[in-house]
>>> print(open('entry-v3.pdb').read())   # PDB, C-alpha atoms, pLDDT in the B column
ATOM      1  CA  MET J 147      -2.281  -3.431   2.919  1.00 93.00           C
ATOM      2  CA  ALA J 148      -4.773  -4.408   5.570  1.00 85.00           C
ATOM      3  CA  GLN J 149      -4.696  -2.817   8.981  1.00 81.00           C
ATOM      4  CA  GLN J 150      -2.804  -4.788  11.563  1.00 67.00           C
ATOM      5  CA  GLU J 151      -5.069  -7.237  13.315  1.00 58.00           C
ATOM      6  CA  THR J 152      -4.619  -5.339  16.562  1.00 45.00           C
ATOM      7  CA  ASP J 153      -4.617  -1.848  15.004  1.00 43.00           C
ATOM      8  CA  GLU J 154      -7.266   0.527  16.313  1.00 38.00           C
ATOM      9  CA  ARG J 155      -6.893   3.596  14.154  1.00 34.00           C
ATOM     10  CA  THR J 156      -8.867   6.575  15.336  1.00 31.00           C
ATOM     11  CA  GLY J 157     -10.066   8.310  12.226  1.00 32.00           C
ATOM     12  CA  VAL J 158      -8.312   8.556   8.922  1.00 32.00           C
ATOM     13  CA  ASP J 159      -6.523  11.834   8.908  1.00 33.00           C
ATOM     14  CA  GLY J 160      -5.964  13.496   3.608  1.00 32.00           C
ATOM     15  CA  VAL J 161      -5.714  18.498  -0.995  1.00 37.00           C
ATOM     16  CA  ASP J 162      -4.988  16.979  -4.246  1.00 43.00           C
ATOM     17  CA  GLY J 163      -1.258  16.560  -4.110  1.00 45.00           C
ATOM     18  CA  VAL J 164       1.520  16.629  -1.570  1.00 47.00           C
ATOM     19  CA  ASP J 165       3.392  19.893  -1.802  1.00 56.00           C
ATOM     20  CA  GLY J 166       6.886  20.371  -0.526  1.00 85.00           C
ATOM     21  CA  VAL J 167       9.821  18.282   0.543  1.00 88.00           C
ATOM     22  CA  ASP J 168      11.870  18.277   3.708  1.00 89.00           C
ATOM     23  CA  ASP J 169      15.533  19.236   4.066  1.00 87.00           C
ATOM     24  CA  GLU J 170      16.606  15.802   2.841  1.00 91.00           C
ATOM     25  CA  GLY J 171      14.395  15.813  -0.246  1.00 90.00           C
ATOM     26  CA  PHE J 172      11.646  13.536   1.036  1.00 96.00           C
ATOM     27  CA  VAL J 173       7.971  14.255   0.428  1.00 96.00           C
ATOM     28  CA  VAL J 174       6.138  15.906   3.305  1.00 96.00           C
ATOM     29  CA  ASP J 175       3.120  13.604   3.518  1.00 97.00           C
ATOM     30  CA  THR J 176       2.038  14.297   7.101  1.00 97.00           C
ATOM     31  CA  GLU J 177       0.366  17.686   6.599  1.00 96.00           C
ATOM     32  CA  ASP J 178      -3.327  18.332   5.738  1.00 96.00           C
ATOM     33  CA  CYS J 179      -3.920  14.580   5.751  1.00 97.00           C
ATOM     34  CA  GLU J 180      -7.642  14.748   6.452  1.00 97.00           C
ATOM     35  CA  GLU J 181      -8.306  17.292   3.715  1.00 97.00           C
ATOM     36  CA  ARG J 182      -6.181  15.548   1.094  1.00 97.00           C
ATOM     37  CA  GLU J 183      -7.613  12.103   1.701  1.00 98.00           C
ATOM     38  CA  ALA J 184     -11.186  13.392   1.816  1.00 98.00           C
ATOM     39  CA  ALA J 185     -10.744  15.328  -1.441  1.00 98.00           C
ATOM     40  CA  HIS J 186      -9.501  12.250  -3.298  1.00 98.00           C
ATOM     41  CA  ARG J 187     -12.138   9.997  -1.790  1.00 97.00           C
ATOM     42  CA  GLY J 188     -14.932  12.486  -2.475  1.00 98.00           C
ATOM     43  CA  ARG J 189     -14.143  12.512  -6.194  1.00 98.00           C
ATOM     44  CA  GLY J 190     -13.539   8.780  -6.435  1.00 98.00           C
ATOM     45  CA  THR J 191     -15.676   5.685  -6.805  1.00 98.00           C
ATOM     46  CA  SER J 192     -15.017   2.655  -4.652  1.00 98.00           C
ATOM     47  CA  ARG J 193     -14.240  -0.527  -6.582  1.00 98.00           C
ATOM     48  CA  PRO J 194     -14.175  -4.179  -5.466  1.00 98.00           C
ATOM     49  CA  ILE J 195     -10.875  -5.728  -4.437  1.00 98.00           C
ATOM     50  CA  THR J 196      -9.129  -8.446  -6.441  1.00 98.00           C
ATOM     51  CA  VAL J 197      -7.961 -11.421  -4.402  1.00 98.00           C
ATOM     52  CA  VAL J 198      -5.135 -13.932  -4.581  1.00 98.00           C
ATOM     53  CA  GLY J 199      -5.470 -16.039  -7.713  1.00 97.00           C
ATOM     54  CA  ASN J 200      -6.504 -13.145  -9.942  1.00 98.00           C
ATOM     55  CA  PRO J 201      -3.866 -12.974 -12.734  1.00 97.00           C
ATOM     56  CA  VAL J 202      -3.379  -9.207 -12.411  1.00 98.00           C
ATOM     57  CA  LEU J 203      -1.930  -9.732  -8.927  1.00 98.00           C
ATOM     58  CA  HIS J 204       0.698 -12.207 -10.036  1.00 98.00           C
ATOM     59  CA  LYS J 205       2.656 -10.305 -12.672  1.00 98.00           C
ATOM     60  CA  GLU J 206       4.626  -7.082 -12.821  1.00 98.00           C
ATOM     61  CA  CYS J 207       2.405  -4.114 -13.642  1.00 98.00           C
ATOM     62  CA  LYS J 208       3.026  -1.713 -16.508  1.00 98.00           C
ATOM     63  CA  ASP J 209       4.859   1.557 -15.971  1.00 98.00           C
ATOM     64  CA  VAL J 210       2.710   4.672 -16.019  1.00 98.00           C
ATOM     65  CA  THR J 211       3.610   6.843 -19.011  1.00 98.00           C
ATOM     66  CA  ALA J 212       0.699   9.326 -19.066  1.00 98.00           C
ATOM     67  CA  PHE J 213       0.344  11.673 -16.109  1.00 98.00           C
ATOM     68  CA  ASP J 214      -3.106  12.880 -17.051  1.00 98.00           C
ATOM     69  CA  ASP J 215      -6.708  13.160 -15.896  1.00 98.00           C
ATOM     70  CA  ASP J 216      -7.180   9.389 -16.183  1.00 98.00           C
ATOM     71  CA  LEU J 217      -4.344   8.805 -13.731  1.00 98.00           C
ATOM     72  CA  ALA J 218      -5.758  11.420 -11.356  1.00 98.00           C
ATOM     73  CA  ALA J 219      -9.170   9.716 -11.528  1.00 98.00           C
ATOM     74  CA  LEU J 220      -7.594   6.321 -10.848  1.00 98.00           C
ATOM     75  CA  ILE J 221      -5.866   7.689  -7.748  1.00 98.00           C
ATOM     76  CA  ASP J 222      -9.184   9.128  -6.541  1.00 98.00           C
ATOM     77  CA  ASP J 223     -10.860   5.736  -7.019  1.00 98.00           C
ATOM     78  CA  MET J 224      -8.031   4.044  -5.167  1.00 98.00           C
ATOM     79  CA  PHE J 225      -8.440   6.302  -2.150  1.00 98.00           C
ATOM     80  CA  ALA J 226     -12.193   5.633  -2.171  1.00 98.00           C
ATOM     81  CA  SER J 227     -11.607   1.876  -2.453  1.00 98.00           C
ATOM     82  CA  GLN J 228      -8.986   1.909   0.288  1.00 98.00           C
ATOM     83  CA  ARG J 229     -11.360   3.647   2.684  1.00 98.00           C
ATOM     84  CA  THR J 230     -14.230   1.260   1.902  1.00 98.00           C
ATOM     85  CA  ALA J 231     -11.990  -1.720   2.622  1.00 98.00           C
ATOM     86  CA  GLU J 232     -10.528  -0.031   5.714  1.00 97.00           C
ATOM     87  CA  GLY J 233      -6.997  -0.499   4.436  1.00 98.00           C
ATOM     88  CA  VAL J 234      -3.831   1.507   5.009  1.00 98.00           C
ATOM     89  CA  GLY J 235      -2.412   1.016   1.512  1.00 98.00           C
ATOM     90  CA  LEU J 236      -3.702  -0.042  -1.890  1.00 98.00           C
ATOM     91  CA  ALA J 237      -1.996  -0.904  -5.188  1.00 98.00           C
ATOM     92  CA  ALA J 238      -3.693  -0.357  -8.557  1.00 98.00           C
ATOM     93  CA  ASN J 239      -3.750  -4.061  -9.413  1.00 98.00           C
ATOM     94  CA  GLN J 240      -5.806  -4.652  -6.274  1.00 98.00           C
ATOM     95  CA  ILE J 241      -8.683  -2.984  -8.105  1.00 98.00           C
ATOM     96  CA  GLY J 242      -7.800  -4.740 -11.347  1.00 98.00           C
ATOM     97  CA  VAL J 243      -5.712  -1.992 -12.988  1.00 98.00           C
ATOM     98  CA  ASP J 244      -2.410  -3.056 -14.544  1.00 98.00           C
ATOM     99  CA  LEU J 245      -0.398   0.071 -13.693  1.00 98.00           C
ATOM    100  CA  LYS J 246       2.358   0.864 -11.193  1.00 98.00           C
ATOM    101  CA  VAL J 247       0.526   3.109  -8.744  1.00 98.00           C
ATOM    102  CA  PHE J 248      -0.145   2.813  -5.042  1.00 98.00           C
ATOM    103  CA  VAL J 249      -1.813   5.017  -2.463  1.00 98.00           C
ATOM    104  CA  TYR J 250      -1.463   5.010   1.296  1.00 98.00           C
ATOM    105  CA  ASP J 251      -3.125   6.365   4.406  1.00 98.00           C
ATOM    106  CA  CYS J 252      -0.985   4.836   7.083  1.00 98.00           C
ATOM    107  CA  PRO J 253       0.341   5.674  10.553  1.00 96.00           C
ATOM    108  CA  ASP J 254       3.899   5.031  11.597  1.00 95.00           C
ATOM    109  CA  ASP J 255       4.823   3.512  14.936  1.00 94.00           C
ATOM    110  CA  GLU J 256       4.636   6.930  16.604  1.00 95.00           C
ATOM    111  CA  GLY J 257       1.044   7.346  15.430  1.00 95.00           C
ATOM    112  CA  VAL J 258       1.925  10.011  12.829  1.00 97.00           C
ATOM    113  CA  ARG J 259      -0.385   9.746   9.832  1.00 98.00           C
ATOM    114  CA  HIS J 260       1.022   9.636   6.282  1.00 98.00           C
ATOM    115  CA  VAL J 261      -1.155  10.136   3.182  1.00 98.00           C
ATOM    116  CA  GLY J 262       0.015  10.073  -0.425  1.00 98.00           C
ATOM    117  CA  ALA J 263       0.376   8.322  -3.767  1.00 98.00           C
ATOM    118  CA  VAL J 264       3.437   6.975  -5.565  1.00 98.00           C
ATOM    119  CA  VAL J 265       3.642   6.242  -9.292  1.00 98.00           C
ATOM    120  CA  ASN J 266       6.242   3.846 -10.725  1.00 98.00           C
ATOM    121  CA  PRO J 267       7.725   3.133  -7.291  1.00 98.00           C
ATOM    122  CA  VAL J 268      11.137   1.592  -6.783  1.00 98.00           C
ATOM    123  CA  LEU J 269      12.167   0.335  -3.366  1.00 98.00           C
ATOM    124  CA  GLU J 270      15.697   1.400  -2.549  1.00 96.00           C
ATOM    125  CA  GLU J 271      18.066  -1.291  -1.306  1.00 92.00           C
ATOM    126  CA  LEU J 272      19.270  -0.589   2.222  1.00 88.00           C
ATOM    127  CA  PRO J 273      22.908  -1.207   3.138  1.00 88.00           C
ATOM    128  CA  PRO J 274      23.148  -4.328   5.321  1.00 86.00           C
ATOM    129  CA  ALA J 275      24.301  -2.257   8.301  1.00 84.00           C
ATOM    130  CA  GLU J 276      21.045  -0.282   8.183  1.00 82.00           C
ATOM    131  CA  ARG J 277      18.700  -3.280   8.031  1.00 89.00           C
ATOM    132  CA  VAL J 278      16.891  -3.952  11.272  1.00 95.00           C
ATOM    133  CA  LEU J 279      14.197  -6.556  10.813  1.00 95.00           C
ATOM    134  CA  ASP J 280      10.733  -6.309  12.341  1.00 96.00           C
ATOM    135  CA  ASP J 281       8.635  -9.481  12.316  1.00 95.00           C
ATOM    136  CA  SER J 282       5.238  -7.931  13.081  1.00 95.00           C
ATOM    137  CA  ASN J 283       1.925  -9.224  11.801  1.00 95.00           C
ATOM    138  CA  GLU J 284       1.016  -8.409   8.200  1.00 98.00           C
ATOM    139  CA  GLY J 285      -2.263  -8.599   6.333  1.00 98.00           C
ATOM    140  CA  CYS J 286      -3.462  -7.805   2.825  1.00 98.00           C
ATOM    141  CA  LEU J 287      -6.777  -6.682   1.376  1.00 98.00           C
ATOM    142  CA  SER J 288      -6.203  -9.217  -1.420  1.00 98.00           C
ATOM    143  CA  VAL J 289      -5.844 -12.025   1.137  1.00 98.00           C
ATOM    144  CA  PRO J 290      -8.833 -11.009   3.254  1.00 98.00           C
ATOM    145  CA  THR J 291      -9.134 -12.030   6.922  1.00 98.00           C
ATOM    146  CA  ALA J 292      -5.635 -13.600   6.978  1.00 98.00           C
ATOM    147  CA  TYR J 293      -2.595 -12.443   8.935  1.00 98.00           C
ATOM    148  CA  ALA J 294       0.925 -13.772   9.360  1.00 98.00           C
ATOM    149  CA  SER J 295       4.192 -12.712  10.939  1.00 98.00           C
ATOM    150  CA  LEU J 296       6.666 -11.531   8.307  1.00 98.00           C
ATOM    151  CA  ALA J 297      10.146 -10.088   8.859  1.00 97.00           C
ATOM    152  CA  ARG J 298      10.788  -6.865   6.930  1.00 97.00           C
ATOM    153  CA  PRO J 299      13.235  -3.978   7.421  1.00 96.00           C
ATOM    154  CA  ASP J 300      11.795  -1.409   9.824  1.00 96.00           C
ATOM    155  CA  TYR J 301      12.873   1.469   7.558  1.00 96.00           C
ATOM    156  CA  ALA J 302      12.108   1.920   3.861  1.00 97.00           C
ATOM    157  CA  VAL J 303      12.702   4.448   1.089  1.00 97.00           C
ATOM    158  CA  VAL J 304      10.662   4.429  -2.122  1.00 98.00           C
ATOM    159  CA  SER J 305      11.432   6.639  -5.107  1.00 98.00           C
ATOM    160  CA  GLY J 306       8.992   7.318  -7.935  1.00 98.00           C
ATOM    161  CA  ARG J 307       6.735  10.020  -9.359  1.00 97.00           C
ATOM    162  CA  ASP J 308       3.760  11.939  -8.089  1.00 97.00           C
ATOM    163  CA  ALA J 309       0.476  12.221 -10.001  1.00 97.00           C
ATOM    164  CA  ARG J 310       1.879  15.110 -12.044  1.00 96.00           C
ATOM    165  CA  GLY J 311       5.011  13.200 -13.028  1.00 97.00           C
ATOM    166  CA  ASN J 312       7.385  14.976 -10.668  1.00 95.00           C
ATOM    167  CA  PRO J 313      10.123  12.818  -9.081  1.00 97.00           C
ATOM    168  CA  ILE J 314       9.541  12.094  -5.406  1.00 97.00           C
ATOM    169  CA  LYS J 315      11.000  10.086  -2.547  1.00 97.00           C
ATOM    170  CA  VAL J 316       9.017   8.726   0.391  1.00 98.00           C
ATOM    171  CA  ARG J 317      10.477   7.258   3.540  1.00 97.00           C
ATOM    172  CA  GLY J 318       8.903   5.454   6.433  1.00 97.00           C
ATOM    173  CA  SER J 319       9.689   3.626   9.621  1.00 96.00           C
ATOM    174  CA  GLY J 320       7.934   0.851  11.498  1.00 96.00           C
ATOM    175  CA  TYR J 321       4.415   0.079  10.323  1.00 97.00           C
ATOM    176  CA  PHE J 322       4.617   2.700   7.562  1.00 98.00           C
ATOM    177  CA  ALA J 323       7.850   1.169   6.268  1.00 98.00           C
ATOM    178  CA  ARG J 324       6.053  -2.174   6.089  1.00 98.00           C
ATOM    179  CA  CYS J 325       3.250  -0.525   4.099  1.00 98.00           C
ATOM    180  CA  LEU J 326       5.669   1.005   1.568  1.00 98.00           C
ATOM    181  CA  GLN J 327       7.371  -2.346   1.026  1.00 98.00           C
ATOM    182  CA  HIS J 328       4.081  -4.251   0.851  1.00 98.00           C
ATOM    183  CA  GLU J 329       2.536  -1.948  -1.778  1.00 98.00           C
ATOM    184  CA  THR J 330       5.666  -1.809  -3.925  1.00 98.00           C
ATOM    185  CA  ASP J 331       5.764  -5.619  -3.851  1.00 98.00           C
ATOM    186  CA  HIS J 332       2.205  -5.704  -5.222  1.00 98.00           C
ATOM    187  CA  LEU J 333       3.173  -3.759  -8.325  1.00 98.00           C
ATOM    188  CA  TYR J 334       5.900  -6.263  -9.122  1.00 98.00           C
ATOM    189  CA  GLY J 335       3.521  -9.213  -8.840  1.00 98.00           C
ATOM    190  CA  ARG J 336       4.352 -10.322  -5.323  1.00 98.00           C
ATOM    191  CA  LEU J 337       1.922 -10.786  -2.431  1.00 98.00           C
ATOM    192  CA  TYR J 338       3.138 -10.862   1.153  1.00 98.00           C
ATOM    193  CA  ILE J 339       2.167 -14.527   1.398  1.00 98.00           C
ATOM    194  CA  ASP J 340       4.711 -15.257  -1.360  1.00 98.00           C
ATOM    195  CA  ARG J 341       7.412 -14.307   1.159  1.00 98.00           C
ATOM    196  CA  LEU J 342       6.162 -16.798   3.760  1.00 98.00           C
ATOM    197  CA  SER J 343       7.252 -20.371   4.335  1.00 98.00           C
ATOM    198  CA  LYS J 344       5.073 -22.979   2.633  1.00 98.00           C
ATOM    199  CA  ARG J 345       3.451 -23.847   5.947  1.00 98.00           C
ATOM    200  CA  ASP J 346       2.701 -20.240   6.880  1.00 98.00           C
ATOM    201  CA  ARG J 347       1.392 -19.506   3.383  1.00 98.00           C
ATOM    202  CA  LYS J 348      -0.922 -22.490   3.620  1.00 98.00           C
ATOM    203  CA  ASP J 349      -2.136 -21.297   7.016  1.00 98.00           C
ATOM    204  CA  ALA J 350      -2.827 -17.790   5.667  1.00 98.00           C
ATOM    205  CA  LEU J 351      -4.847 -19.198   2.758  1.00 98.00           C
ATOM    206  CA  LYS J 352      -6.772 -21.364   5.225  1.00 98.00           C
ATOM    207  CA  GLN J 353      -7.585 -18.262   7.301  1.00 98.00           C
ATOM    208  CA  MET J 354      -8.818 -16.575   4.133  1.00 98.00           C
ATOM    209  CA  ALA J 355     -10.980 -19.551   3.162  1.00 97.00           C
ATOM    210  CA  GLU J 356     -12.569 -19.663   6.601  1.00 98.00           C
ATOM    211  CA  GLY J 357     -13.150 -15.909   6.878  1.00 97.00           C
ATOM    212  CA  THR J 358     -15.682 -13.509   5.381  1.00 97.00           C
ATOM    213  CA  PRO J 359     -14.367 -10.265   3.838  1.00 96.00           C
ATOM    214  CA  ARG J 360     -15.962  -7.067   5.147  1.00 96.00           C
ATOM    215  CA  TYR J 361     -15.755  -5.480   1.680  1.00 98.00           C
ATOM    216  CA  GLU J 362     -16.701  -6.480  -1.862  1.00 98.00           C
ATOM    217  CA  THR J 363     -14.206  -8.662  -3.707  1.00 98.00           C
ATOM    218  CA  VAL J 364     -13.857  -9.797  -7.312  1.00 97.00           C
ATOM    219  CA  PRO J 365     -14.571 -13.542  -7.547  1.00 94.00           C
ATOM    220  CA  ASN J 366     -11.916 -15.579  -9.353  1.00 92.00           C
ATOM    221  CA  ASP J 367     -13.360 -17.592 -12.235  1.00 78.00           C
TER     222      ASP J 367
END
>>> encode(input="entry-v3.pdb", output="structure tokens")
Amino acid sequence: MAQQETDERTGVDGVDGVDGVDDEGFVVDTEDCEEREAAHRGRGTSRPITVVGNPVLHKECKDVTAFDDDLAALIDDMFASQRTAEGVGLAANQIGVDLKVFVYDCPDDEGVRHVGAVVNPVLEELPPAERVLDDSNEGCLSVPTAYASLARPDYAVVSGRDARGNPIKVRGSGYFARCLQHETDHLYGRLYIDRLSKRDRKDALKQMAEGTPRYETVPND
């Protein structure tokens, strides 16, 4: 996910894995952020970003079945690619890899930084009484330079696995909740612009056509 158009993050606070859960069983992803992110990024290689129209973005990705060194290396590359593109979240298919993995380095609305990776994520359905919609701006590294208002629940829970295959749950509110929903969508073949009205989608694609990405992208043949 791209940073909000008005977001002015001050530094990107990331050790190899997230250790520990809170009293409710959710991953603690707010500790040692700078060290964890830097360790991943330092081992990784930045890759160009796929953009809307690339087939890998428009189909459900494959489940990860091997929690091995190749997966760890992919996660490192994803953190490196995310930093290069100045994003707050990145799905594997955004660097052309057909696997259900996403990484994030994203603040919530209180400015608390969250850093982590989720494998085979599933977004939990919130009871209607708990859904409060937030229609903030949203952007995507795969739709560069475009932004649109999109209503999403302001709280999200994603369950999945960590890089070692251990079951995890991640929760977020505000901007971080939007990130969790956005990245999970990617891995099921859906871009945020697919949730827009036809007019707003057309406007977002026009913004993209008129803009110049600040990072390397993969041209669509």
>>> closest_atom_pairs(input="entry-v3.pdb", of="range 169-273 of chain J", to="range 304-328 of chain J", cutoff="8 Å", atoms="only C-alpha atoms", output="CSV")
residue,atom,partner,partner_atom,distance
J:Gly171,CA,J:Lys315,CA,7.0
J:Phe172,CA,J:Lys315,CA,5.0
J:Val173,CA,J:Val316,CA,5.6
J:Phe213,CA,J:Arg310,CA,5.5
J:Asp214,CA,J:Arg310,CA,7.4
J:Leu217,CA,J:Ala309,CA,7.0
J:Ala218,CA,J:Ala309,CA,6.4
J:Val234,CA,J:Cys325,CA,7.4
J:Gly235,CA,J:Cys325,CA,6.4
J:Tyr250,CA,J:Cys325,CA,7.8
J:Cys252,CA,J:Phe322,CA,6.0
J:Pro253,CA,J:Phe322,CA,6.0
J:Asp254,CA,J:Phe322,CA,4.7
J:Asp255,CA,J:Gly320,CA,5.3
J:His260,CA,J:Phe322,CA,7.9
J:Ala263,CA,J:Asp308,CA,6.6
J:Val264,CA,J:Asp308,CA,5.6
J:Val265,CA,J:Arg307,CA,4.9
J:Asn266,CA,J:Gly306,CA,5.2
J:Pro267,CA,J:Gly306,CA,4.4
J:Val268,CA,J:Ser305,CA,5.3
J:Leu269,CA,J:Val304,CA,4.5
J:Glu270,CA,J:Val304,CA,5.9
>>> resolve_selection(input="entry-v3.pdb", expression="the PyMOL selection byres ((chain J and resi 238-241) around 6)", output="ChimeraX atom specification")
/J:195-196,202-203,237,242-244,247-248
>>> axis_aligned_box(input="entry-v3.pdb", around="range 246-249 of chain J", padding_each_side="5 Å", output="lines of an AutoDock Vina configuration file")
center_x = 0.3
center_y = 2.9
center_z = -6.8
size_x = 14.2
size_y = 14.2
size_z = 18.7
>>> atom_distance(input="entry-v3.pdb", atom1="CA of Leu337 in chain J", atom2="CA of Lys246 in chain J")
14.6 Å
>>> closest_residue(input="entry-v3.pdb", among="J:Arg345, J:Met147, J:Leu245, J:Ala185", to="Glu206 in chain J", atoms="only C-alpha atoms")
J:Leu245
>>> atom_distance(input="entry-v3.pdb", atom1="CA of Pro359 in chain J", atom2="CA of Ser288 in chain J")
9.8 Å
>>> closest_residue(input="entry-v3.pdb", among="J:Arg193, J:His204, J:Lys352, J:Arg259", to="Tyr338 in chain J", atoms="only C-alpha atoms")
J:His204
>>> build_atoms(input="entry-v3.pdb", residues="range 308-327 of chain J", atoms="N, CA, C and O atoms", output="short mmCIF file (atom, residue, chain, number, x, y, z; two decimals), in the coordinates of the input")
data_model
loop_
_atom_site.label_atom_id
_atom_site.label_comp_id
_atom_site.auth_asym_id
_atom_site.auth_seq_id
_atom_site.Cartn_x
_atom_site.Cartn_y
_atom_site.Cartn_z
N ASP J 308 5.08 11.60 -8.60
CA ASP J 308 3.76 11.94 -8.09
C ASP J 308 2.77 11.93 -9.24
O ASP J 308 3.11 11.57 -10.38
N ALA J 309 1.52 12.30 -8.99
CA ALA J 309 0.48 12.22 -10.00
C ALA J 309 0.72 13.16 -11.17
O ALA J 309 0.14 12.99 -12.25
N ARG J 310 1.56 14.16 -10.97
CA ARG J 310 1.88 15.11 -12.04
C ARG J 310 3.13 14.70 -12.81
O ARG J 310 3.54 15.38 -13.76
N GLY J 311 3.80 13.66 -12.37
CA GLY J 311 5.01 13.20 -13.03
C GLY J 311 6.29 13.72 -12.42
O GLY J 311 7.39 13.44 -12.93
N ASN J 312 6.20 14.45 -11.33
CA ASN J 312 7.38 14.98 -10.67
C ASN J 312 8.09 13.88 -9.87
O ASN J 312 7.42 13.07 -9.21
N PRO J 313 9.42 13.84 -9.88
CA PRO J 313 10.12 12.82 -9.08
C PRO J 313 9.94 13.07 -7.59
O PRO J 313 9.96 14.21 -7.13
N ILE J 314 9.72 12.00 -6.85
CA ILE J 314 9.54 12.09 -5.41
C ILE J 314 10.26 10.95 -4.71
O ILE J 314 10.58 9.92 -5.32
N LYS J 315 10.51 11.15 -3.41
CA LYS J 315 11.00 10.09 -2.55
C LYS J 315 10.16 10.08 -1.27
O LYS J 315 9.85 11.14 -0.72
N VAL J 316 9.81 8.89 -0.83
CA VAL J 316 9.02 8.73 0.39
C VAL J 316 9.78 7.79 1.32
O VAL J 316 10.32 6.77 0.87
N ARG J 317 9.82 8.15 2.59
CA ARG J 317 10.48 7.26 3.54
C ARG J 317 9.53 6.96 4.70
O ARG J 317 8.64 7.75 5.02
N GLY J 318 9.75 5.82 5.31
CA GLY J 318 8.90 5.45 6.43
C GLY J 318 9.63 4.54 7.39
O GLY J 318 10.59 3.86 7.02
N SER J 319 9.14 4.52 8.62
CA SER J 319 9.69 3.63 9.62
C SER J 319 8.55 2.80 10.22
O SER J 319 7.38 3.17 10.14
N GLY J 320 8.92 1.68 10.82
CA GLY J 320 7.93 0.85 11.50
C GLY J 320 6.82 0.37 10.59
O GLY J 320 7.05 -0.14 9.49
N TYR J 321 5.60 0.54 11.05
CA TYR J 321 4.42 0.08 10.32
C TYR J 321 4.32 0.73 8.94
O TYR J 321 3.95 0.08 7.96
N PHE J 322 4.67 2.02 8.85
CA PHE J 322 4.62 2.70 7.56
C PHE J 322 5.67 2.15 6.61
O PHE J 322 5.43 2.02 5.40
N ALA J 323 6.83 1.81 7.11
CA ALA J 323 7.85 1.17 6.27
C ALA J 323 7.33 -0.15 5.71
O ALA J 323 7.54 -0.48 4.53
N ARG J 324 6.64 -0.91 6.54
CA ARG J 324 6.05 -2.17 6.09
C ARG J 324 5.05 -1.91 4.96
O ARG J 324 5.00 -2.64 3.97
N CYS J 325 4.24 -0.88 5.11
CA CYS J 325 3.25 -0.52 4.10
C CYS J 325 3.93 -0.19 2.77
O CYS J 325 3.51 -0.67 1.70
N LEU J 326 4.97 0.63 2.80
CA LEU J 326 5.67 1.00 1.57
C LEU J 326 6.25 -0.22 0.86
O LEU J 326 6.16 -0.34 -0.38
N GLN J 327 6.80 -1.13 1.62
CA GLN J 327 7.37 -2.35 1.03
C GLN J 327 6.27 -3.26 0.48
O GLN J 327 6.38 -3.81 -0.62
#
